[in-house]
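Worksheet for the structure shown next.
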Amino acid sequence: MTVLRSAARRSKRTLAAAVLALAVVAGTGGWAAGSTQTAVTGPAPGAAAWRADHTLGVRLPDPASASPAEVARFFAGLTDARQRALAARHPLTVGNLDGAPIALRYAANARALRAERDRESARATDPAGTLQDHRRAEQAVRRYTALLAPGRRILAFDPRGRGQVAEVHGDLATARRVAVIVPGSDIDLTTFDRTTDPYGTPTGMATSLRRQMAAEAPGVRTAVIAWVGYTTPVGLGPDAATGRLAEAGAPRLTRLLSGLAATGAPAPALLCHSYGSVVCGLAAPHTGRGDLADLVVFGSPGMRRDNAAELRTTAQVWAARDASDWIGDVPNVELLGLGHGADPTDPAFGARRVPAERAEGHTGYLAPGTDSLRNFAAIALGRYGDVR
């Protein structure tokens, strides 16, 4: 009988995987019509010029291979004037170099954004361009101008592909409590802080979380990083059903966390939404000891791990899903590369369940007034006894 029951369970899992595959195909008009993305990997543009720069008389740390700790030691040995000179010559490299001084990265990314804005401004009026080219350039100009608004702290910026960006809300240099938001599908440079569905965007999530943290602990200095440092899936096509983009993004997330540690920031709470939890699940085993305080997943399709122990992290693992979230209808299987495995909210997974009864839908977890937002703020503040 035991053998028969095991065979039946395997058959159900296989059927569920097949249903998942059919749902993806039907939802995208087939694999060929799916919005397959090319993952952005490797250093930002300008790395070759950086490597060839010998003006300081020393070899600059290779952005592709130097660890964030090595980067931090290198910059610690430079005067402020030399640091600023490097940022002026190589803004995209310095702005994306985990381990470099935080304020220097802000300045470098502002310079890089201004350069991209000016470049797109020229394209918007280029008589050789089409009307579509002009409109696309005008949209880019508006996007870059918004990111250059006074007070914004851009920790990373890469114009390649659909664009990647990370923004710090608060003062990372003085923060005692830090959180990092890792979003899921359909997020890029243009949707980073869209006004529609604001709490489904990294900016809206980060703003709401930090405001709640301030309300719960007004005397505690906090910072929240909205991180779009990987190529996210578009829609519910094949990219969303496989781990390919998450595998490309996980090392980038690992470097971010290592870079924060190298610059003296407190170990953050990592809040991973939807497909972002797949990225976090693949990154967690490779994070340094002490680089991560808490790992929170919400609206997760799975983490490509069978249980929390497989994450091999000393961080406390948490999971939330509200009853109205459609992600609950996605089969929690992983077969032939499809699906993302076990449900992190299942007690058997081993994560601590975070109540989310007042959240609504797939993107409502950080909406003001929800118990999930209050609980996430308590976790980020280290007040675990307040999670209820």
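The way I read the labels, and the way they are meant: chains A, B, ... in the order of the structure tokens, residue 1 as the first residue of every chain, and ligand 1 as the first ligand shown, with later ones counted on from there.
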
10 Å contact set for Gly337 in chain A, only C-alpha atoms, chain neighbours under 3 positions out, as a JSON list (two decimals) with N, CA, C and O atoms, in the first residue's frame:
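Listed below is the output, result-v5.json:
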```
[["chain", "number", "residue", "atom", "x", "y", "z"],
["A", 17, "ALA", "N", 2.48, 19.40, -12.60],
["A", 17, "ALA", "CA", 3.51, 20.06, -13.41],
["A", 17, "ALA", "C", 3.03, 20.23, -14.85],
["A", 17, "ALA", "O", 3.28, 21.26, -15.48],
["A", 241, "ALA", "N", 8.02, 30.76, -15.06],
["A", 241, "ALA", "CA", 7.84, 29.38, -14.62],
["A", 241, "ALA", "C", 9.15, 28.64, -14.44],
["A", 241, "ALA", "O", 9.17, 27.51, -13.95],
["A", 242, "THR", "N", 10.27, 29.25, -14.84],
["A", 242, "THR", "CA", 11.57, 28.59, -14.71],
["A", 242, "THR", "C", 12.49, 29.42, -13.84],
["A", 242, "THR", "O", 12.20, 30.57, -13.49],
["A", 243, "GLY", "N", 13.64, 28.88, -13.51],
["A", 243, "GLY", "CA", 14.58, 29.58, -12.65],
["A", 243, "GLY", "C", 15.70, 30.28, -13.39],
["A", 243, "GLY", "O", 16.63, 30.79, -12.75],
["A", 244, "ARG", "N", 15.62, 30.36, -14.71],
["A", 244, "ARG", "CA", 16.74, 30.90, -15.49],
["A", 244, "ARG", "C", 17.12, 32.32, -15.09],
["A", 244, "ARG", "O", 18.29, 32.62, -14.83],
["A", 333, "VAL", "N", 5.30, 22.68, -7.45],
["A", 333, "VAL", "CA", 6.09, 21.56, -7.95],
["A", 333, "VAL", "C", 7.31, 22.11, -8.67],
["A", 333, "VAL", "O", 7.38, 23.29, -9.00],
["A", 334, "GLU", "N", 8.26, 21.25, -8.90],
["A", 334, "GLU", "CA", 9.42, 21.57, -9.73],
["A", 334, "GLU", "C", 9.76, 20.31, -10.52],
["A", 334, "GLU", "O", 10.21, 19.32, -9.95],
["A", 340, "HIS", "N", 8.57, 26.07, -9.08],
["A", 340, "HIS", "CA", 9.60, 26.51, -8.14],
["A", 340, "HIS", "C", 9.59, 25.75, -6.82],
["A", 340, "HIS", "O", 10.21, 26.18, -5.85]]
```

Quick one: which range 239-331 of chain A residues come within 8 Å of range 64-75 of chain A, and what is the nearest atom pair for each with the distance in Å to one decimal, counting only C-alpha atoms, rows ordered by chain and ascending number, as a tab-separated table?
```
residue	atom	partner	partner_atom	distance
A:Arg255	CA	A:Pro68	CA	6.9
A:Ser258	CA	A:Pro68	CA	6.2
A:Gly259	CA	A:Pro68	CA	4.9
A:Ala262	CA	A:Ala69	CA	5.2
A:Thr263	CA	A:Ala72	CA	6.7
```

task = For range 288-304 of chain A, list every protein, DNA or RNA residue within 7 Å, evaluated using only C-alpha atoms, and leave out those in the same chain fewer than 5 positions away; present the list as JSON, numbers by chain.
result = {"A": [257, 258, 261, 267, 268, 269, 270, 271, 272, 273, 274, 275, 277, 278, 281, 315, 316, 317, 318, 319, 320, 321, 325, 327, 330, 332, 340, 341, 342, 343, 344, 362]}

* Asked: as a ChimeraX atom specification, which residues of range 8-206 of chain A does DSSP assign to strand (DSSP E or B)?
  -> /A:153-158,164-170,177-182

_Residue neighbourhood range 104-110 of chain A, 8 Å, only C-alpha atoms, exclusion window fewer than 5 positions, as a list in words_ = Gln83, Arg84, Ala87, Ala88, His90, Pro91, Leu92, Val94, Gly95, Asn96, Leu97, Leu148, Arg153, Ile154, Leu155, Ala156 and Phe157 of chain A

Could you build a table of the residues in range 33-95 of chain A lying no more than 9 Å from range 217-230 of chain A, giving for each the nearest pair of atoms and their separation in Å rounded to one decimal place, using only C-alpha atoms, ordered by chain and ascending residue number, as a tab-separated table?
```
residue	atom	partner	partner_atom	distance
A:Ala39	CA	A:Tyr230	CA	7.4
A:Val40	CA	A:Tyr230	CA	6.9
A:Thr41	CA	A:Tyr230	CA	8.1
```

Practice prompt. Between CA of Arg119 in chain A and CA of Ala140 in chain A, measure the distance and give it in Å to one decimal.
Written response: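 Calculated distance between CA of Arg119 in chain A and CA of Ala140 in chain A is 9.8 Å.
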
request  = Run DSSP on the backbone and grab whatever in range 123-270 of chain A lands in helix (DSSP H, G or I); send it over as a PyMOL selection string.
outcome  = chain A and resi 123-124+131-147+198-200+202-216+238-241+244-262

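Take the candidates A:Cys280, A:Leu338, A:Leu311, A:Leu245 and check each one against Ala351 in chain A using only C-alpha atoms; the shortest distance goes to A:Leu311.
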
Q. Excluding same-chain residues fewer than 4 positions from Ala378 in chain A, what lies within 10 Å of it counting only C-alpha atoms, as a ChimeraX atom specification?
A. /A:209,212-213,216-217,372-374,382-388

File dump, residues just selected, N, CA and C atoms, as a PDB file, in the first residue's frame:
```pdb
ATOM      1  N   LEU A 209       7.122  50.562   3.932  1.00  0.00           N
ATOM      2  CA  LEU A 209       7.800  49.830   5.000  1.00  0.00           C
ATOM      3  C   LEU A 209       8.555  50.776   5.918  1.00  0.00           C
ATOM      4  N   GLN A 212       6.240  52.720   8.145  1.00  0.00           N
ATOM      5  CA  GLN A 212       5.712  51.884   9.233  1.00  0.00           C
ATOM      6  C   GLN A 212       6.783  51.646  10.292  1.00  0.00           C
ATOM      7  N   MET A 213       8.019  51.435   9.873  1.00  0.00           N
ATOM      8  CA  MET A 213       9.108  51.253  10.834  1.00  0.00           C
ATOM      9  C   MET A 213       9.272  52.501  11.698  1.00  0.00           C
ATOM     10  N   GLU A 216       6.500  52.584  14.264  1.00  0.00           N
ATOM     11  CA  GLU A 216       6.682  51.601  15.333  1.00  0.00           C
ATOM     12  C   GLU A 216       7.859  51.930  16.238  1.00  0.00           C
ATOM     13  N   ALA A 217       8.888  52.530  15.684  1.00  0.00           N
ATOM     14  CA  ALA A 217      10.109  52.824  16.461  1.00  0.00           C
ATOM     15  C   ALA A 217      10.653  54.181  16.028  1.00  0.00           C
ATOM     16  N   SER A 372       0.187  42.457   7.520  1.00  0.00           N
ATOM     17  CA  SER A 372       1.457  42.014   6.940  1.00  0.00           C
ATOM     18  C   SER A 372       2.490  43.135   6.972  1.00  0.00           C
ATOM     19  N   LEU A 373       2.089  44.370   6.645  1.00  0.00           N
ATOM     20  CA  LEU A 373       3.021  45.494   6.710  1.00  0.00           C
ATOM     21  C   LEU A 373       3.523  45.688   8.132  1.00  0.00           C
ATOM     22  N   ARG A 374       2.613  45.661   9.095  1.00  0.00           N
ATOM     23  CA  ARG A 374       3.021  45.829  10.489  1.00  0.00           C
ATOM     24  C   ARG A 374       3.986  44.721  10.901  1.00  0.00           C
ATOM     25  N   GLY A 382      13.676  43.870  14.186  1.00  0.00           N
ATOM     26  CA  GLY A 382      14.167  42.861  15.124  1.00  0.00           C
ATOM     27  C   GLY A 382      13.240  42.617  16.290  1.00  0.00           C
ATOM     28  N   ARG A 383      12.005  43.043  16.186  1.00  0.00           N
ATOM     29  CA  ARG A 383      11.022  42.878  17.272  1.00  0.00           C
ATOM     30  C   ARG A 383      10.140  41.674  16.978  1.00  0.00           C
ATOM     31  N   TYR A 384      10.731  40.511  17.038  1.00  0.00           N
ATOM     32  CA  TYR A 384      10.045  39.294  16.628  1.00  0.00           C
ATOM     33  C   TYR A 384       8.810  38.984  17.475  1.00  0.00           C
ATOM     34  N   GLY A 385       8.823  39.401  18.728  1.00  0.00           N
ATOM     35  CA  GLY A 385       7.678  39.143  19.594  1.00  0.00           C
ATOM     36  C   GLY A 385       6.440  39.907  19.198  1.00  0.00           C
ATOM     37  N   ASP A 386       6.612  40.919  18.336  1.00  0.00           N
ATOM     38  CA  ASP A 386       5.460  41.714  17.888  1.00  0.00           C
ATOM     39  C   ASP A 386       4.813  41.145  16.631  1.00  0.00           C
ATOM     40  N   VAL A 387       5.354  40.071  16.099  1.00  0.00           N
ATOM     41  CA  VAL A 387       4.786  39.461  14.896  1.00  0.00           C
ATOM     42  C   VAL A 387       3.610  38.597  15.317  1.00  0.00           C
ATOM     43  N   ARG A 388       2.425  39.036  14.881  1.00  0.00           N
ATOM     44  CA  ARG A 388       1.216  38.295  15.296  1.00  0.00           C
ATOM     45  C   ARG A 388       0.050  38.654  14.378  1.00  0.00           C
TER      46      ARG A 388
END
```

**Request:** Go through A:Ala215, A:Ala359, A:Asp193, A:Ser185 one by one, measure the shortest atom-to-atom distance of each to Leu236 in chain A using only C-alpha atoms, and give the residue with the smallest value.
**Result:**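 Smallest separation from Leu236 in chain A among the options: A:Ser185.
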
* **Shell around Ala122 in chain A at 10 Å using only C-alpha atoms, local window under 5 positions removed, as a ChimeraX atom specification** => /A:116-117,127,134,137-138,141
